[in-house]
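**Student:** So that you have it, the file is upload.txt, and it contains compact mmCIF, C-alpha atoms and all ligand atoms:
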```txt
# COMPACT_ATOMS: atom_id res chain seq x y z
CA MET B 280 18.74 -7.67 5.57
CA SER B 281 19.81 -4.30 4.21
CA SER B 282 23.07 -3.56 2.47
CA ILE B 283 23.06 -0.06 3.94
CA ASP B 284 24.80 0.21 7.28
CA GLU B 285 22.74 1.69 10.10
CA ALA B 286 25.71 3.39 11.69
CA THR B 287 26.33 5.57 8.66
CA ALA B 288 22.90 5.70 6.99
CA GLY B 289 21.21 9.04 6.47
CA ALA B 290 17.92 7.56 7.57
CA ILE B 291 16.59 4.38 9.13
CA LEU B 292 13.31 2.78 8.11
CA THR B 293 11.94 0.42 10.74
CA ILE B 294 9.28 -2.09 9.79
CA ASP B 295 7.42 -3.82 12.59
CA LEU B 296 6.50 -7.27 11.32
CA SER B 297 4.63 -8.18 14.50
CA ALA B 298 2.36 -5.13 14.01
CA LEU B 299 1.89 -6.21 10.38
CA ALA B 300 0.86 -9.71 11.50
CA ALA B 301 -1.41 -8.27 14.20
CA ASN B 302 -3.10 -6.08 11.59
CA TRP B 303 -3.69 -9.10 9.38
CA ARG B 304 -5.19 -11.09 12.30
CA PHE B 305 -7.42 -8.14 13.21
CA LEU B 306 -8.81 -7.95 9.65
CA ARG B 307 -9.11 -11.73 9.46
CA ASP B 308 -11.19 -11.79 12.66
CA LYS B 309 -13.31 -8.89 11.48
CA ALA B 310 -14.11 -10.52 8.13
CA ALA B 311 -14.46 -14.11 9.39
CA PRO B 312 -15.68 -16.55 8.21
CA ALA B 313 -14.49 -15.01 4.94
CA GLU B 314 -10.86 -15.76 4.12
CA CYS B 315 -8.41 -12.89 4.60
CA SER B 316 -5.79 -12.57 1.88
CA ALA B 317 -3.04 -9.96 1.61
CA VAL B 318 -2.32 -7.53 -1.21
CA VAL B 319 1.47 -7.30 -1.54
CA LYS B 320 1.78 -5.46 -4.86
CA ALA B 321 4.43 -2.76 -5.35
CA ASP B 322 6.93 -4.46 -3.04
CA ALA B 323 4.27 -4.80 -0.35
CA TYR B 324 3.45 -1.09 -0.66
CA GLY B 325 7.13 -0.28 -0.29
CA ILE B 326 7.84 -2.12 2.95
CA GLY B 327 9.40 -5.18 1.31
CA LEU B 328 7.62 -8.08 -0.37
CA GLU B 329 9.70 -10.96 0.96
CA PRO B 330 9.62 -10.13 4.69
CA THR B 331 5.92 -9.30 4.37
CA VAL B 332 5.01 -12.58 2.69
CA ARG B 333 7.08 -14.53 5.21
CA ALA B 334 5.50 -12.80 8.21
CA LEU B 335 1.95 -13.13 6.89
CA THR B 336 2.46 -16.76 5.89
CA ALA B 337 3.58 -17.43 9.46
CA ALA B 338 0.42 -15.65 10.68
CA GLY B 339 -1.72 -17.99 8.56
CA CYS B 340 -2.29 -16.05 5.32
CA ARG B 341 -2.66 -18.39 2.33
CA THR B 342 -3.60 -16.09 -0.56
CA PHE B 343 -1.61 -13.15 -1.95
CA PHE B 344 -2.43 -10.58 -4.60
CA VAL B 345 0.22 -8.77 -6.64
CA ALA B 346 0.00 -6.46 -9.66
CA GLN B 347 2.81 -7.69 -11.88
CA VAL B 348 4.35 -10.97 -12.98
CA SER B 349 7.75 -10.05 -11.51
CA GLU B 350 6.06 -9.63 -8.12
CA ALA B 351 4.17 -12.92 -8.48
CA LEU B 352 7.44 -14.74 -9.15
CA ARG B 353 8.95 -13.23 -6.01
CA VAL B 354 6.04 -14.48 -3.92
CA ARG B 355 6.28 -17.92 -5.51
CA ALA B 356 10.02 -18.09 -4.93
CA ILE B 357 9.56 -17.98 -1.18
CA ASN B 358 6.22 -19.75 -0.87
CA ARG B 359 5.54 -22.74 -3.12
CA ASP B 360 2.11 -23.50 -1.67
CA CYS B 361 0.18 -20.26 -1.42
CA VAL B 362 -2.38 -18.99 -3.92
CA VAL B 363 -1.07 -16.04 -5.96
CA TYR B 364 -3.39 -13.78 -7.95
CA LEU B 365 -2.13 -11.32 -10.53
CA LEU B 366 -4.30 -8.18 -10.38
CA ASN B 367 -3.09 -6.64 -13.63
CA GLY B 368 -4.30 -9.77 -15.38
CA LEU B 369 -3.15 -11.68 -18.39
CA THR B 370 -0.59 -9.87 -20.50
CA ALA B 371 -0.93 -11.28 -24.02
CA GLY B 372 1.30 -14.32 -24.34
CA ALA B 373 2.05 -14.67 -20.62
CA SER B 374 -0.12 -17.76 -20.04
CA GLU B 375 2.73 -20.25 -20.28
CA ALA B 376 4.82 -18.47 -17.64
CA LEU B 377 1.85 -18.11 -15.29
CA ALA B 378 0.82 -21.74 -15.61
CA ARG B 379 4.36 -22.93 -14.99
CA GLU B 380 4.53 -21.06 -11.67
CA ASN B 381 0.91 -21.71 -10.74
CA ILE B 382 -0.02 -18.02 -10.77
CA ARG B 383 -3.66 -17.10 -11.26
CA PRO B 384 -4.41 -14.12 -13.49
CA VAL B 385 -7.32 -11.86 -12.60
CA LEU B 386 -9.09 -11.84 -15.97
CA SER B 387 -10.73 -8.47 -16.52
CA SER B 388 -11.85 -8.44 -20.14
CA LEU B 389 -13.47 -10.83 -22.59
CA SER B 390 -10.27 -11.09 -24.60
CA GLU B 391 -8.26 -12.09 -21.51
CA ILE B 392 -10.88 -14.69 -20.66
CA GLU B 393 -10.82 -16.05 -24.21
CA GLU B 394 -7.04 -16.27 -24.19
CA TRP B 395 -6.94 -18.11 -20.84
CA ALA B 396 -9.81 -20.43 -21.87
CA THR B 397 -8.03 -21.34 -25.12
CA PHE B 398 -4.72 -21.86 -23.35
CA SER B 399 -6.34 -23.94 -20.65
CA SER B 400 -8.16 -26.14 -23.21
CA GLY B 401 -4.89 -26.63 -25.07
CA ARG B 402 -3.31 -27.86 -21.87
CA GLY B 403 -6.21 -30.26 -21.29
CA ARG B 404 -6.41 -28.97 -17.74
CA LYS B 405 -8.76 -26.48 -16.10
CA LEU B 406 -6.35 -23.79 -14.95
CA PRO B 407 -7.56 -21.51 -12.16
CA ALA B 408 -8.09 -17.77 -12.58
CA ALA B 409 -10.18 -14.97 -11.12
CA VAL B 410 -12.79 -13.15 -13.18
CA GLN B 411 -13.22 -9.47 -12.44
CA PHE B 412 -16.38 -7.52 -13.22
CA ASP B 413 -16.65 -3.77 -13.19
CA THR B 414 -19.22 -2.35 -10.79
CA GLY B 415 -18.33 1.32 -10.99
CA ILE B 416 -14.61 2.04 -10.99
CA ASN B 417 -14.29 1.83 -14.79
CA ARG B 418 -10.67 0.85 -14.65
CA LEU B 419 -10.34 -2.89 -15.12
CA GLY B 420 -13.21 -5.33 -15.23
CA ILE B 421 -15.89 -6.76 -17.44
CA PRO B 422 -19.00 -4.59 -17.82
CA TYR B 423 -22.21 -6.12 -16.54
CA ASP B 424 -23.79 -6.16 -19.98
CA GLN B 425 -21.16 -8.67 -21.15
CA LEU B 426 -22.05 -11.13 -18.42
CA GLU B 427 -23.80 -13.62 -20.69
CA ARG B 428 -20.85 -13.62 -23.09
CA VAL B 429 -18.60 -14.66 -20.21
CA ARG B 430 -20.72 -17.61 -19.13
CA PRO B 431 -19.93 -20.10 -21.98
CA LEU B 432 -16.19 -19.42 -21.62
CA LEU B 433 -16.12 -20.49 -17.98
CA ASP B 434 -16.24 -24.20 -18.80
CA ALA B 435 -12.78 -24.18 -20.33
CA PHE B 436 -10.91 -23.16 -17.17
CA GLU B 437 -11.46 -23.02 -13.41
CA PRO B 438 -13.10 -19.73 -12.41
CA ALA B 439 -11.79 -19.78 -8.84
CA LEU B 440 -12.83 -16.29 -7.79
CA LEU B 441 -15.38 -13.70 -8.86
CA MET B 442 -14.12 -10.19 -8.14
CA SER B 443 -14.92 -6.53 -8.26
CA HIS B 444 -13.27 -3.46 -6.74
CA PHE B 445 -14.59 -0.39 -4.90
CA ALA B 446 -13.97 3.10 -6.23
CA GLU B 447 -14.36 4.94 -2.90
CA SER B 448 -14.91 2.56 -0.01
CA GLU B 449 -12.94 4.88 2.31
CA VAL B 450 -15.70 7.50 2.30
CA VAL B 451 -19.38 7.43 3.14
CA SER B 452 -21.01 7.36 -0.28
CA THR B 453 -24.13 5.98 -1.90
CA ARG B 454 -21.85 4.64 -4.62
CA ASN B 455 -20.61 1.95 -2.25
CA ALA B 456 -24.13 0.61 -1.77
CA ALA B 457 -24.62 0.74 -5.54
CA GLN B 458 -21.44 -1.28 -6.11
CA ILE B 459 -22.43 -3.78 -3.43
CA ALA B 460 -25.83 -4.25 -5.11
CA ALA B 461 -24.28 -4.56 -8.57
CA PHE B 462 -21.87 -7.19 -7.29
CA GLU B 463 -24.75 -9.12 -5.67
CA LYS B 464 -26.39 -9.39 -9.07
CA ILE B 465 -23.20 -10.70 -10.66
CA ARG B 466 -22.77 -13.13 -7.82
CA ALA B 467 -26.30 -14.40 -8.25
CA ALA B 468 -25.52 -15.15 -11.90
CA PHE B 469 -22.56 -17.34 -10.86
CA PRO B 470 -23.53 -18.67 -7.44
CA LYS B 471 -20.96 -21.48 -7.40
CA ILE B 472 -17.91 -19.24 -7.72
CA ALA B 473 -16.27 -17.85 -4.57
CA ALA B 474 -16.55 -14.06 -4.50
CA SER B 475 -14.47 -11.10 -3.31
CA LEU B 476 -15.23 -7.39 -3.22
CA CYS B 477 -13.51 -5.73 -0.24
CA ASN B 478 -10.22 -3.88 -0.12
CA SER B 479 -9.09 -2.53 3.28
CA SER B 480 -11.76 0.16 3.59
CA GLY B 481 -14.48 -2.15 2.27
CA ILE B 482 -13.92 -4.33 5.35
CA PHE B 483 -15.13 -1.40 7.48
CA LEU B 484 -18.35 -0.68 5.57
CA HIS B 485 -21.46 -1.24 7.66
CA GLU B 486 -22.89 -3.54 4.98
CA ARG B 487 -20.07 -6.03 5.68
CA PRO B 488 -19.87 -7.17 2.02
CA PHE B 489 -17.18 -9.73 2.81
CA HIS B 490 -18.41 -12.62 0.64
CA ASP B 491 -15.80 -15.42 0.59
CA LEU B 492 -12.55 -13.50 0.62
CA VAL B 493 -11.32 -9.99 1.51
CA ARG B 494 -8.30 -8.30 -0.08
CA PRO B 495 -6.71 -5.76 2.27
CA GLY B 496 -3.49 -3.96 1.38
CA TYR B 497 -3.10 -0.52 2.93
CA ALA B 498 -4.54 -1.35 6.36
CA LEU B 499 -2.07 -4.21 6.78
CA TYR B 500 0.74 -1.67 6.54
CA GLY B 501 -0.79 0.60 9.17
CA GLY B 502 -2.78 2.92 6.90
CA ASN B 503 -6.12 4.14 8.18
CA PRO B 504 -8.94 2.38 6.32
CA THR B 505 -11.46 4.78 7.92
CA PRO B 506 -9.93 8.21 7.23
CA ASN B 507 -12.74 10.09 8.97
CA ALA B 508 -12.34 8.16 12.22
CA PRO B 509 -9.41 7.14 14.43
CA ASN B 510 -7.08 4.58 12.89
CA PRO B 511 -7.94 1.07 14.12
CA MET B 512 -4.68 -0.34 12.75
CA GLN B 513 -1.28 -0.59 14.41
CA SER B 514 1.58 1.48 13.05
CA VAL B 515 3.99 -0.66 11.00
CA VAL B 516 6.43 1.85 9.54
CA SER B 517 8.66 4.36 11.25
CA LEU B 518 11.31 6.52 9.69
CA GLN B 519 14.13 8.42 11.36
CA ALA B 520 16.53 10.82 9.67
CA ARG B 521 19.83 12.07 10.95
CA VAL B 522 20.65 15.68 11.79
CA LEU B 523 23.68 16.76 9.77
CA GLN B 524 24.08 20.21 11.27
CA VAL B 525 22.28 22.83 13.31
CA ARG B 526 22.64 26.48 12.36
CA GLU B 527 21.62 29.82 13.79
CA MET B 528 20.00 32.29 11.44
CA ALA B 529 19.42 36.04 11.65
CA ALA B 530 15.93 37.35 11.01
CA GLY B 531 15.38 37.96 7.28
CA GLU B 532 17.77 35.31 6.00
CA ARG B 533 16.51 33.13 3.19
CA VAL B 534 16.58 29.34 3.40
CA GLY B 535 17.00 26.65 0.75
CA TYR B 536 16.62 26.70 -3.05
CA GLY B 537 14.80 29.75 -4.28
CA GLY B 538 14.81 31.21 -0.78
CA GLU B 539 11.23 30.09 -0.39
CA TRP B 540 11.35 30.52 3.38
CA THR B 541 12.65 33.60 5.11
CA ALA B 542 13.45 33.48 8.83
CA PRO B 543 10.81 35.68 10.49
CA ARG B 544 13.00 36.00 13.61
CA VAL B 545 16.30 34.76 14.88
CA SER B 546 16.01 31.05 14.17
CA ARG B 547 17.72 27.76 14.72
CA LEU B 548 17.43 25.22 11.91
CA ALA B 549 18.43 21.57 11.66
CA THR B 550 19.45 20.16 8.31
CA LEU B 551 18.45 16.50 7.88
CA SER B 552 19.93 13.88 5.60
CA ILE B 553 16.67 13.01 3.86
CA GLY B 554 15.10 14.51 0.75
CA TYR B 555 12.84 13.85 -2.18
CA ALA B 556 15.20 11.19 -3.52
CA ASP B 557 14.24 9.27 -0.39
CA GLY B 558 10.56 9.48 -1.22
CA LEU B 559 9.47 12.56 0.72
CA PRO B 560 7.26 14.56 -1.66
CA ARG B 561 8.81 17.90 -2.64
CA SER B 562 5.25 19.21 -2.83
CA GLY B 563 5.06 18.73 0.95
CA THR B 564 6.99 21.94 1.44
CA ALA B 565 5.31 24.02 -1.28
CA ILE B 566 4.63 27.67 -0.45
CA GLY B 567 1.25 28.13 1.15
CA ARG B 568 0.90 24.55 2.32
CA THR B 569 0.59 23.95 6.05
CA GLY B 570 3.48 21.71 5.70
CA ILE B 571 4.81 18.53 7.04
CA GLU B 572 6.41 18.25 10.45
CA ALA B 573 9.07 16.09 12.05
CA ILE B 574 9.35 15.14 15.71
CA VAL B 575 12.56 16.39 17.26
CA ALA B 576 13.17 15.75 20.94
CA HIS B 577 9.49 14.85 21.43
CA ARG B 578 8.21 18.08 19.85
CA ARG B 579 6.64 18.72 16.47
CA CYS B 580 8.84 20.98 14.34
CA PRO B 581 7.87 22.26 10.88
CA PHE B 582 9.88 21.63 7.72
CA VAL B 583 10.93 24.98 6.25
CA GLY B 584 12.18 25.90 2.78
CA ARG B 585 11.94 23.66 -0.25
CA LEU B 586 12.84 20.06 0.32
CA SER B 587 15.84 19.21 -1.83
CA MET B 588 17.02 15.91 -3.27
CA ASP B 589 19.10 14.68 -0.36
CA LEU B 590 18.41 17.23 2.34
CA SER B 591 15.61 18.88 4.22
CA ILE B 592 15.44 21.52 6.92
CA VAL B 593 13.34 21.72 10.07
CA ASP B 594 12.83 24.69 12.34
CA VAL B 595 13.99 23.80 15.86
CA THR B 596 14.01 27.36 17.24
CA TYR B 597 11.58 26.58 20.02
CA LEU B 598 13.37 23.51 21.33
CA PRO B 599 15.47 23.82 24.47
CA ASP B 600 19.13 24.64 23.79
CA GLY B 601 21.04 21.56 22.74
CA ALA B 602 17.93 19.48 22.13
CA ALA B 603 18.82 18.97 18.47
CA GLN B 604 22.45 18.20 17.68
CA ARG B 605 24.57 16.86 14.88
CA GLY B 606 24.14 13.07 14.70
CA ASP B 607 20.77 12.96 16.46
CA TYR B 608 17.87 11.17 14.82
CA VAL B 609 14.54 12.88 14.29
CA GLU B 610 11.27 11.10 13.59
CA ILE B 611 9.74 11.63 10.16
CA LEU B 612 7.15 8.84 10.39
CA SER B 613 6.01 7.21 13.60
CA SER B 614 2.88 6.23 15.46
CA THR B 615 2.49 9.98 16.21
CA ILE B 616 2.88 11.30 12.67
CA GLY B 617 1.71 8.39 10.55
CA ILE B 618 1.58 7.88 6.80
CA ASP B 619 -1.97 9.25 6.61
CA GLU B 620 -1.13 12.59 8.22
CA PHE B 621 2.14 12.89 6.34
CA GLY B 622 0.37 12.17 3.06
CA ARG B 623 -2.46 14.61 3.71
CA LYS B 624 -0.07 17.41 4.65
CA SER B 625 1.99 16.72 1.54
CA GLY B 626 -1.03 17.02 -0.72
CA THR B 627 -1.19 13.29 -1.42
CA ILE B 628 -2.30 10.10 0.33
CA GLY B 629 -0.56 7.71 2.70
CA TYR B 630 -0.53 5.04 -0.01
CA GLU B 631 1.81 7.18 -2.06
CA ILE B 632 4.03 8.00 0.91
CA LEU B 633 4.43 4.27 1.57
CA THR B 634 5.06 3.15 -1.97
CA ARG B 635 7.60 5.93 -2.60
CA LEU B 636 9.72 5.06 0.43
CA GLY B 637 13.25 5.15 -0.87
CA GLN B 638 15.87 2.47 -1.30
CA ARG B 639 18.56 4.50 0.46
CA TYR B 640 17.49 3.83 4.01
CA ALA B 641 19.01 1.31 6.34
CA ARG B 642 16.04 -1.02 6.74
CA ARG B 643 15.43 -2.60 10.09
CA TYR B 644 12.85 -5.40 10.28
CA VAL B 645 11.75 -5.99 13.87
CA GLY B 646 9.25 -8.28 15.57
CA GLU B 647 9.84 -11.39 13.46
C1 LIG B 701 -4.75 -2.55 -4.50
C2 LIG B 701 -5.98 -3.36 -4.51
C3 LIG B 701 -6.53 -3.87 -3.33
C4 LIG B 701 -6.05 -3.44 -1.97
O1 LIG B 701 -6.50 -2.14 -1.72
P1 LIG B 701 -6.24 -1.38 -0.33
O2 LIG B 701 -7.07 -0.16 -0.45
O3 LIG B 701 -4.79 -1.11 -0.30
O4 LIG B 701 -6.66 -2.30 0.74
C5 LIG B 701 -7.59 -4.74 -3.43
N1 LIG B 701 -8.12 -5.07 -4.63
C6 LIG B 701 -7.64 -4.56 -5.79
C7 LIG B 701 -8.28 -4.95 -7.07
C8 LIG B 701 -6.56 -3.69 -5.77
O5 LIG B 701 -6.08 -3.18 -6.92
```
Rewrite the coordinates I just gave you, this time as structure tokens.
**Tutor:**
Amino acid sequence: MSSIDEATAGAILTIDLSALAANWRFLRDKAAPAECSAVVKADAYGIGLEPTVRALTAAGCRTFFVAQVSEALRVRAINRDCVVYLLNGLTAGASEALARENIRPVLSSLSEIEEWATFSSGRGRKLPAAVQFDTGINRLGIPYDQLERVRPLLDAFEPALLMSHFAESEVVSTRNAAQIAAFEKIRAAFPKIAASLCNSSGIFLHERPFHDLVRPGYALYGGNPTPNAPNPMQSVVSLQARVLQVREMAAGERVGYGGEWTAPRVSRLATLSIGYADGLPRSGTAIGRTGIEAIVAHRRCPFVGRLSMDLSIVDVTYLPDGAAQRGDYVEILSSTIGIDEFGRKSGTIGYEILTRLGQRYARRYVGE
């Protein structure tokens, strides 16, 4: 599957497709009888669009959401029958290409709706699309006060899905209840259209605002949809990097660019063949941050010094002699240190860790 050879790769990214499918089934069962779709934008959050769509299709998923046309075409190329929604909507002039490949734009402004309605009328066929209202994120979506201007346009095409999106469903917030209520009002205005509000975290809200379809992304890939509670999802991604060399350091020696870390005692350091060009955030090793860790020989070891482009350094002083050696693999991401923890300790979120995963790894897809 990968053009990079495992035997010589600096790092190996393992993607567990059976855990991915199990996560989808778990969310499907939780949201039933609502349909469970899958959000596979950004190359399925970095884990690979094609293997993800294949595995989830086999698990029973029939509806996929992507952000961009290029992604929609990749889904369509391997699955002729599924429903594909384009979250970023209708780029001016793209109607023809979307209609040809049976891709449904998520229409999020009056002008997009007008363009699709006109195009659809011209075709003499009611082409399906989703209509997205804004209920509080103020990003994409039609404001509530334009609702009556939308209504007459809906006859010219097939409004297949009524949508809105949460701004902070991963936290306990009164804004979630406000968005749920706002969406109820919109739904009541168009009772015949199937509706969808929930992303991953929305599926875990106590209100259970599942409507007809839920749209998880992050949780499918093992991210924690309930960041203040244990992760109910199975780990999908693991990442191992190779030790290039192990060196002994005297107390007081400076390590890495800018000498940002100074050995406080005699130390033993392992240099790994993974860096920010592989998607690890350089900010993860900033001064003052309780930084990221790797697992070496079953023990957590801190990264020290500034992460560089192709290399990083971990402190293995407290491991037994010989526990870390040239050629060994250490765990960067695993079920122990997951994307959520790694993201938090790097000053970002697990979503960003996932979607930045580099193209230089040997990729191993297991559990097909
Ligand atoms: C990305 C996205 C989702 C999926 O969100 P997750 O938090 O990854 O589950 C759902 N709906 C919309 C509109 C999105 O942009």
**Student:** Calculate how many Å separate CA of Ala520 in chain B from CA of Arg623 in chain B, rounding to one decimal.
**Tutor:** 20.3 Å
**Student:** Residues at most 7 Å from ligand LIG 701 (chain B), using only C-alpha atoms and all ligand atoms? Could they come as a list of chain:residue names?
**Tutor:**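 Using only C-alpha atoms and all ligand atoms, everything at most 7 Å from ligand LIG 701 (chain B) comes to B:Val318, B:Leu366, B:Ser443, B:His444, B:Cys477, B:Asn478, B:Ser479, B:Ser480, B:Arg494, B:Pro495, B:Gly496, B:Tyr497, B:Ala498.
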**Student:** With only C-alpha atoms counted, which protein, DNA or RNA residues have an atom no more than 6 Å from (8.0, -9.5, 9.4) in the file frame? Please answer as a PyMOL selection string.
**Tutor:** chain B and resi 296+330-331+334+647
**Student:** Quote the spacing between CA of Arg639 in chain B and CA of Leu551 in chain B in Å to one decimal place.
**Tutor:**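 Separation of CA of Arg639 in chain B and CA of Leu551 in chain B: 14.1 Å.
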**Student:** So how many Å separate CA of Tyr555 in chain B and CA of Gln513 in chain B, to one decimal?
**Tutor:**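 CA of Gln513 in chain B lies 26.1 Å from CA of Tyr555 in chain B.
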**Student:** Taking all atoms listed in the file into account, which of B:Val516, B:Tyr536, B:Ala337, B:Glu314 comes nearest Arg643 in chain B?
**Tutor:** B:Val516
**Student:** Name the residues in contact with range 386-396 of chain B at a cut-off of 8 Å, using all atoms listed in the file, excluding same-chain residues fewer than 3 positions from it; report them as a ChimeraX atom specification.
**Tutor:** /B:368-369,371,374,399-400,408-412,419-421,428-429,432-433,435-436
**Student:** Quick one: residues within 12 Å of Lys309 in chain B, all atoms listed in the file, excluding same-chain residues fewer than 6 positions away - as a PyMOL selection string?
**Tutor:** chain B and resi 302-303+315+479+481-485+487-489+492-493+495+511
**Student:** Show me the residues around (12.1, 15.8, 14.4) - criterion: an atom at most 12 Å away, all atoms listed in the file counted - as JSON, numbers by chain.
**Tutor:** {"B": [518, 519, 520, 521, 522, 548, 549, 550, 551, 552, 553, 571, 572, 573, 574, 575, 576, 577, 578, 579, 580, 581, 582, 591, 592, 593, 594, 595, 598, 602, 603, 604, 607, 608, 609, 610, 611, 612, 613, 615, 616]}
**Student:** Got a sec: who's within 9 Å of range 348-365 of chain B, counting all atoms listed in the file, leaving out chain neighbours fewer than 2 positions off, as a compact mmCIF listing (two decimals) with C-alpha atoms, keeping the file's coordinate frame?
**Tutor:**
```txt
# COMPACT_ATOMS: atom_id res chain seq x y z
CA VAL B 319 1.47 -7.30 -1.54
CA LYS B 320 1.78 -5.46 -4.86
CA ALA B 321 4.43 -2.76 -5.35
CA ASP B 322 6.93 -4.46 -3.04
CA LEU B 328 7.62 -8.08 -0.37
CA GLU B 329 9.70 -10.96 0.96
CA VAL B 332 5.01 -12.58 2.69
CA ARG B 333 7.08 -14.53 5.21
CA THR B 336 2.46 -16.76 5.89
CA CYS B 340 -2.29 -16.05 5.32
CA ARG B 341 -2.66 -18.39 2.33
CA THR B 342 -3.60 -16.09 -0.56
CA PHE B 343 -1.61 -13.15 -1.95
CA PHE B 344 -2.43 -10.58 -4.60
CA VAL B 345 0.22 -8.77 -6.64
CA ALA B 346 0.00 -6.46 -9.66
CA ASN B 367 -3.09 -6.64 -13.63
CA GLY B 368 -4.30 -9.77 -15.38
CA LEU B 369 -3.15 -11.68 -18.39
CA ALA B 373 2.05 -14.67 -20.62
CA ALA B 376 4.82 -18.47 -17.64
CA LEU B 377 1.85 -18.11 -15.29
CA GLU B 380 4.53 -21.06 -11.67
CA ASN B 381 0.91 -21.71 -10.74
CA ILE B 382 -0.02 -18.02 -10.77
CA ARG B 383 -3.66 -17.10 -11.26
CA PRO B 384 -4.41 -14.12 -13.49
CA VAL B 385 -7.32 -11.86 -12.60
CA LEU B 386 -9.09 -11.84 -15.97
CA ALA B 408 -8.09 -17.77 -12.58
CA ALA B 409 -10.18 -14.97 -11.12
```
**Student:** Please determine, counting only C-alpha atoms, which residue among B:Asn503, B:Gln638, B:Ser475, B:Asn417 has the shortest atom-to-atom distance to Leu292 in chain B.
**Tutor:**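 Of the candidates, the smallest distance to Leu292 in chain B is held by B:Gln638.
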**Student:** Find the residue from B:Ala338, B:Phe469, B:Val525, B:Leu586 that sits nearest to Trp540 in chain B; use all atoms listed in the file when measuring.
**Tutor:**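 Result for the nearest residue to Trp540 in chain B: B:Leu586.
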**Student:** Would you pick out the contacts of Gly531 in chain B at 7 Å or less, using only C-alpha atoms, so that residues sharing its chain but fewer than 5 positions from it are not included, and give the list as an MDAnalysis selection string?
**Tutor:** chainID B and resid 541:543
**Student:** Of the candidates B:Ala474, B:Leu335, B:Glu375, B:Leu440, which one gets nearest to Ala313 in chain B if we count only C-alpha atoms?
**Tutor:** B:Ala474
**Student:** Could you tell me which of B:Val534, B:Ser625, B:Glu463, B:Asp600 comes closest to Val583 in chain B if we count all atoms listed in the file?
**Tutor:**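 For Val583 in chain B, the nearest of the given residues is B:Val534.
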